[in-house]
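As stored in coords-v7.cif (mmCIF, C-alpha atoms):
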```cif
data_query
#
loop_
_atom_site.group_PDB
_atom_site.id
_atom_site.type_symbol
_atom_site.label_atom_id
_atom_site.label_comp_id
_atom_site.auth_asym_id
_atom_site.auth_seq_id
_atom_site.Cartn_x
_atom_site.Cartn_y
_atom_site.Cartn_z
ATOM 1 C CA MET A 1 25.301 17.798 11.151
ATOM 2 C CA ALA A 2 26.676 15.799 8.232
ATOM 3 C CA LYS A 3 28.984 13.936 10.619
ATOM 4 C CA ARG A 4 26.022 13.016 12.841
ATOM 5 C CA ALA A 5 23.955 11.803 9.895
ATOM 6 C CA HIS A 6 26.918 9.790 8.644
ATOM 7 C CA ALA A 7 27.451 8.215 12.073
ATOM 8 C CA ILE A 8 23.781 7.178 12.237
ATOM 9 C CA ALA A 9 23.888 5.776 8.701
ATOM 10 C CA GLN A 10 27.061 3.876 9.523
ATOM 11 C CA HIS A 11 25.450 2.418 12.661
ATOM 12 C CA LEU A 12 22.409 1.298 10.645
ATOM 13 C CA VAL A 13 24.635 -0.382 8.059
ATOM 14 C CA GLU A 14 26.740 -2.120 10.703
ATOM 15 C CA HIS A 15 23.860 -3.297 12.912
ATOM 16 C CA TYR A 16 20.881 -3.618 10.546
ATOM 17 C CA ASP A 17 22.489 -4.231 7.139
ATOM 18 C CA GLY A 18 21.312 -0.777 6.109
ATOM 19 C CA ASP A 19 17.640 -1.640 6.688
ATOM 20 C CA THR A 20 16.472 1.344 8.721
ATOM 21 C CA ALA A 21 13.065 -0.195 9.420
ATOM 22 C CA ALA A 22 14.784 -3.138 11.127
ATOM 23 C CA LEU A 23 15.546 -0.725 13.962
ATOM 24 C CA TRP A 24 11.891 -1.022 15.023
ATOM 25 C CA THR A 25 10.651 -4.172 13.259
ATOM 26 C CA THR A 26 13.106 -6.341 15.198
ATOM 27 C CA ALA A 27 12.143 -4.876 18.579
ATOM 28 C CA ARG A 28 9.691 -7.185 20.352
ATOM 29 C CA SER A 29 9.242 -4.946 23.384
ATOM 30 C CA GLY A 30 9.223 -1.278 24.199
ATOM 31 C CA GLN A 31 12.422 -1.669 26.197
ATOM 32 C CA LYS A 32 14.179 -3.374 23.274
ATOM 33 C CA LEU A 33 12.996 -0.600 20.939
ATOM 34 C CA TYR A 34 14.300 2.013 23.369
ATOM 35 C CA ASP A 35 17.622 0.167 23.687
ATOM 36 C CA GLN A 36 18.040 -0.036 19.915
ATOM 37 C CA VAL A 37 17.155 3.631 19.417
ATOM 38 C CA SER A 38 19.400 4.776 22.270
ATOM 39 C CA ALA A 39 22.304 2.876 20.700
ATOM 40 C CA LEU A 40 22.166 5.301 17.752
ATOM 41 C CA PRO A 41 24.941 7.900 17.846
ATOM 42 C CA GLY A 42 23.675 11.098 19.453
ATOM 43 C CA PHE A 43 20.535 9.540 20.957
ATOM 44 C CA ALA A 44 20.566 10.059 24.717
ATOM 45 C CA GLU A 45 17.619 9.320 27.014
ATOM 46 C CA GLU A 46 15.251 12.143 26.060
ATOM 47 C CA LYS A 47 15.800 11.933 22.300
ATOM 48 C CA SER A 48 15.378 8.142 22.452
ATOM 49 C CA GLN A 49 12.116 8.456 24.394
ATOM 50 C CA ILE A 50 10.815 11.031 21.910
ATOM 51 C CA PHE A 51 11.741 8.782 18.985
ATOM 52 C CA VAL A 52 9.952 5.800 20.562
ATOM 53 C CA ALA A 53 6.880 8.012 21.091
ATOM 54 C CA LEU A 54 7.099 9.295 17.514
ATOM 55 C CA LEU A 55 7.212 5.755 16.124
ATOM 56 C CA ALA A 56 4.175 4.814 18.221
ATOM 57 C CA LYS A 57 2.055 7.911 17.664
ATOM 58 C CA ARG A 58 2.829 8.589 14.016
ATOM 59 C CA PHE A 59 3.647 5.142 12.587
ATOM 60 C CA ASP A 60 1.711 2.790 14.902
ATOM 61 C CA VAL A 61 4.889 1.008 16.040
ATOM 62 C CA LYS A 62 3.672 -0.066 19.474
ATOM 63 C CA PRO A 63 5.484 -3.078 20.886
ATOM 64 C CA ARG A 64 4.428 -4.207 24.349
ATOM 65 C CA GLY A 65 5.760 -1.708 26.883
ATOM 66 C CA TRP A 66 6.281 1.185 24.463
ATOM 67 C CA LYS A 67 4.578 3.675 26.809
ATOM 68 C CA ALA A 68 6.980 2.897 29.645
ATOM 69 C CA ALA A 69 9.912 3.147 27.233
ATOM 70 C CA ALA A 70 8.718 6.531 25.923
ATOM 71 C CA GLY A 71 8.187 7.897 29.433
ATOM 72 C CA ALA A 72 6.342 11.212 29.666
ATOM 73 C CA PHE A 73 6.370 11.495 25.866
ATOM 74 C CA SER A 74 3.787 8.691 25.591
ATOM 75 C CA ASP A 75 0.982 10.832 26.992
ATOM 76 C CA GLY A 76 -1.324 13.187 25.115
ATOM 77 C CA GLU A 77 0.488 16.359 26.172
ATOM 78 C CA PRO A 78 1.730 18.258 23.087
ATOM 79 C CA ARG A 79 5.369 18.347 24.182
ATOM 80 C CA SER A 80 7.540 17.091 21.298
ATOM 81 C CA ALA A 81 7.892 16.268 17.621
ATOM 82 C CA ALA A 82 6.109 12.989 18.390
ATOM 83 C CA ASP A 83 2.904 15.006 18.817
ATOM 84 C CA VAL A 84 3.098 17.068 15.617
ATOM 85 C CA ASP A 85 0.957 15.843 12.740
ATOM 86 C CA SER A 86 -0.484 19.153 11.544
ATOM 87 C CA GLU A 87 0.046 22.904 11.665
ATOM 88 C CA PRO A 88 -2.359 23.311 14.623
ATOM 89 C CA LYS A 89 -0.511 20.589 16.572
ATOM 90 C CA LEU A 90 2.782 22.309 15.821
ATOM 91 C CA ARG A 91 1.375 25.510 17.319
ATOM 92 C CA GLU A 92 0.252 23.550 20.404
ATOM 93 C CA VAL A 93 3.761 22.155 20.874
ATOM 94 C CA GLN A 94 5.247 25.625 20.423
ATOM 95 C CA ALA A 95 2.837 27.040 23.031
ATOM 96 C CA TRP A 96 3.701 24.186 25.364
ATOM 97 C CA LYS A 97 7.425 24.870 24.979
ATOM 98 C CA LYS A 98 6.907 28.580 25.619
ATOM 99 C CA ALA A 99 4.976 27.799 28.812
ATOM 100 C CA GLN A 100 7.642 25.282 29.819
ATOM 101 C CA LYS A 101 10.398 27.861 29.459
ATOM 102 C CA ALA A 102 8.388 30.376 31.478
ATOM 103 C CA ALA A 103 7.980 27.776 34.236
ATOM 104 C CA LYS A 104 11.643 26.701 33.910
ATOM 105 C CA LYS A 105 10.738 23.021 33.789
ATOM 106 C CA SER A 106 11.929 20.144 31.618
ATOM 107 C CA LYS A 107 9.876 18.489 28.903
ATOM 108 C CA SER A 108 9.080 15.528 31.109
ATOM 109 C CA GLU A 109 8.057 17.597 34.166
ATOM 110 C CA PHE A 110 5.668 20.146 32.763
ATOM 111 C CA SER A 111 1.993 19.866 31.903
ATOM 112 C CA LEU A 112 -0.303 22.547 30.510
ATOM 113 C CA LYS A 113 -3.111 20.798 32.356
ATOM 114 C CA GLY A 114 -1.682 21.807 35.710
#
```

Would you encode the structure as structure tokens?
Amino acid sequence: MAKRAHAIAQHLVEHYDGDTAALWTTARSGQKLYDQVSALPGFAEEKSQIFVALLAKRFDVKPRGWKAAAGAFSDGEPRSAADVDSEPKLREVQAWKKAQKAAKKSKSEFSLKG
């Protein structure tokens, strides 16, 4: 884990002069935000989409096109860390994940709503 954190920190220093916020403040579109997040070491498609959704839902970072960039994680379904802002929401996400595992579906496929 320390190696991963170091790799991310190194990337931020090399590409954003160590200004972490520049990762999202320099993105003028959802696609650009996604591209910048996915360039982080260890951030594949799903983790990048979740991070874009987290920035939008929790920190109001919503460049044009953020919903498309976040994919299924942009909706109101309690499916990821992007949706957790309280203990009750955490329980909703946990219930969602339990139902997802029972249905053997991925995070982007499954909906508690049917």

**Study point:** Test item: residues at most 7 Å from region 33-49 of chain A, only C-alpha atoms, excluding those fewer than 6 positions along its chain, as a PyMOL selection string
**Key:** chain A and resi 7-8+11+23-24+27+69-71+73

Those selected residues, please, written with C-alpha atoms and delivered as a short mmCIF file (atom, residue, chain, number, x, y, z; two decimals), in the coordinates of the input.
```cif
data_model
loop_
_atom_site.label_atom_id
_atom_site.label_comp_id
_atom_site.auth_asym_id
_atom_site.auth_seq_id
_atom_site.Cartn_x
_atom_site.Cartn_y
_atom_site.Cartn_z
CA ALA A 7 27.45 8.22 12.07
CA ILE A 8 23.78 7.18 12.24
CA HIS A 11 25.45 2.42 12.66
CA LEU A 23 15.55 -0.72 13.96
CA TRP A 24 11.89 -1.02 15.02
CA ALA A 27 12.14 -4.88 18.58
CA ALA A 69 9.91 3.15 27.23
CA ALA A 70 8.72 6.53 25.92
CA GLY A 71 8.19 7.90 29.43
CA PHE A 73 6.37 11.50 25.87
#
```

Point to revise | Between CA of Lys97 (chain A) and CA of Ser80 (chain A), distance in Å (one decimal) | key: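 CA of Lys97 (chain A) sits 8.6 Å away from CA of Ser80 (chain A).
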
Practice item. Do a neighbour search on Gly65 (chain A) at 10 Å with all atoms listed in the file, toss out local chain neighbours closer than 6 positions, and write the hits as a list in words. Key: Arg28, Ser29, Gly30, Gln31, Lys32, Leu33 and Tyr34 of chain A

Exercise for review: Kindly indicate which residue among A:Leu12, A:Val61, A:Leu54, A:Ala5 lies nearest to Gly76 (chain A), using all atoms listed in the file for the distances.
Suggested key: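 Closest to Gly76 (chain A), using all atoms listed in the file: A:Leu54.
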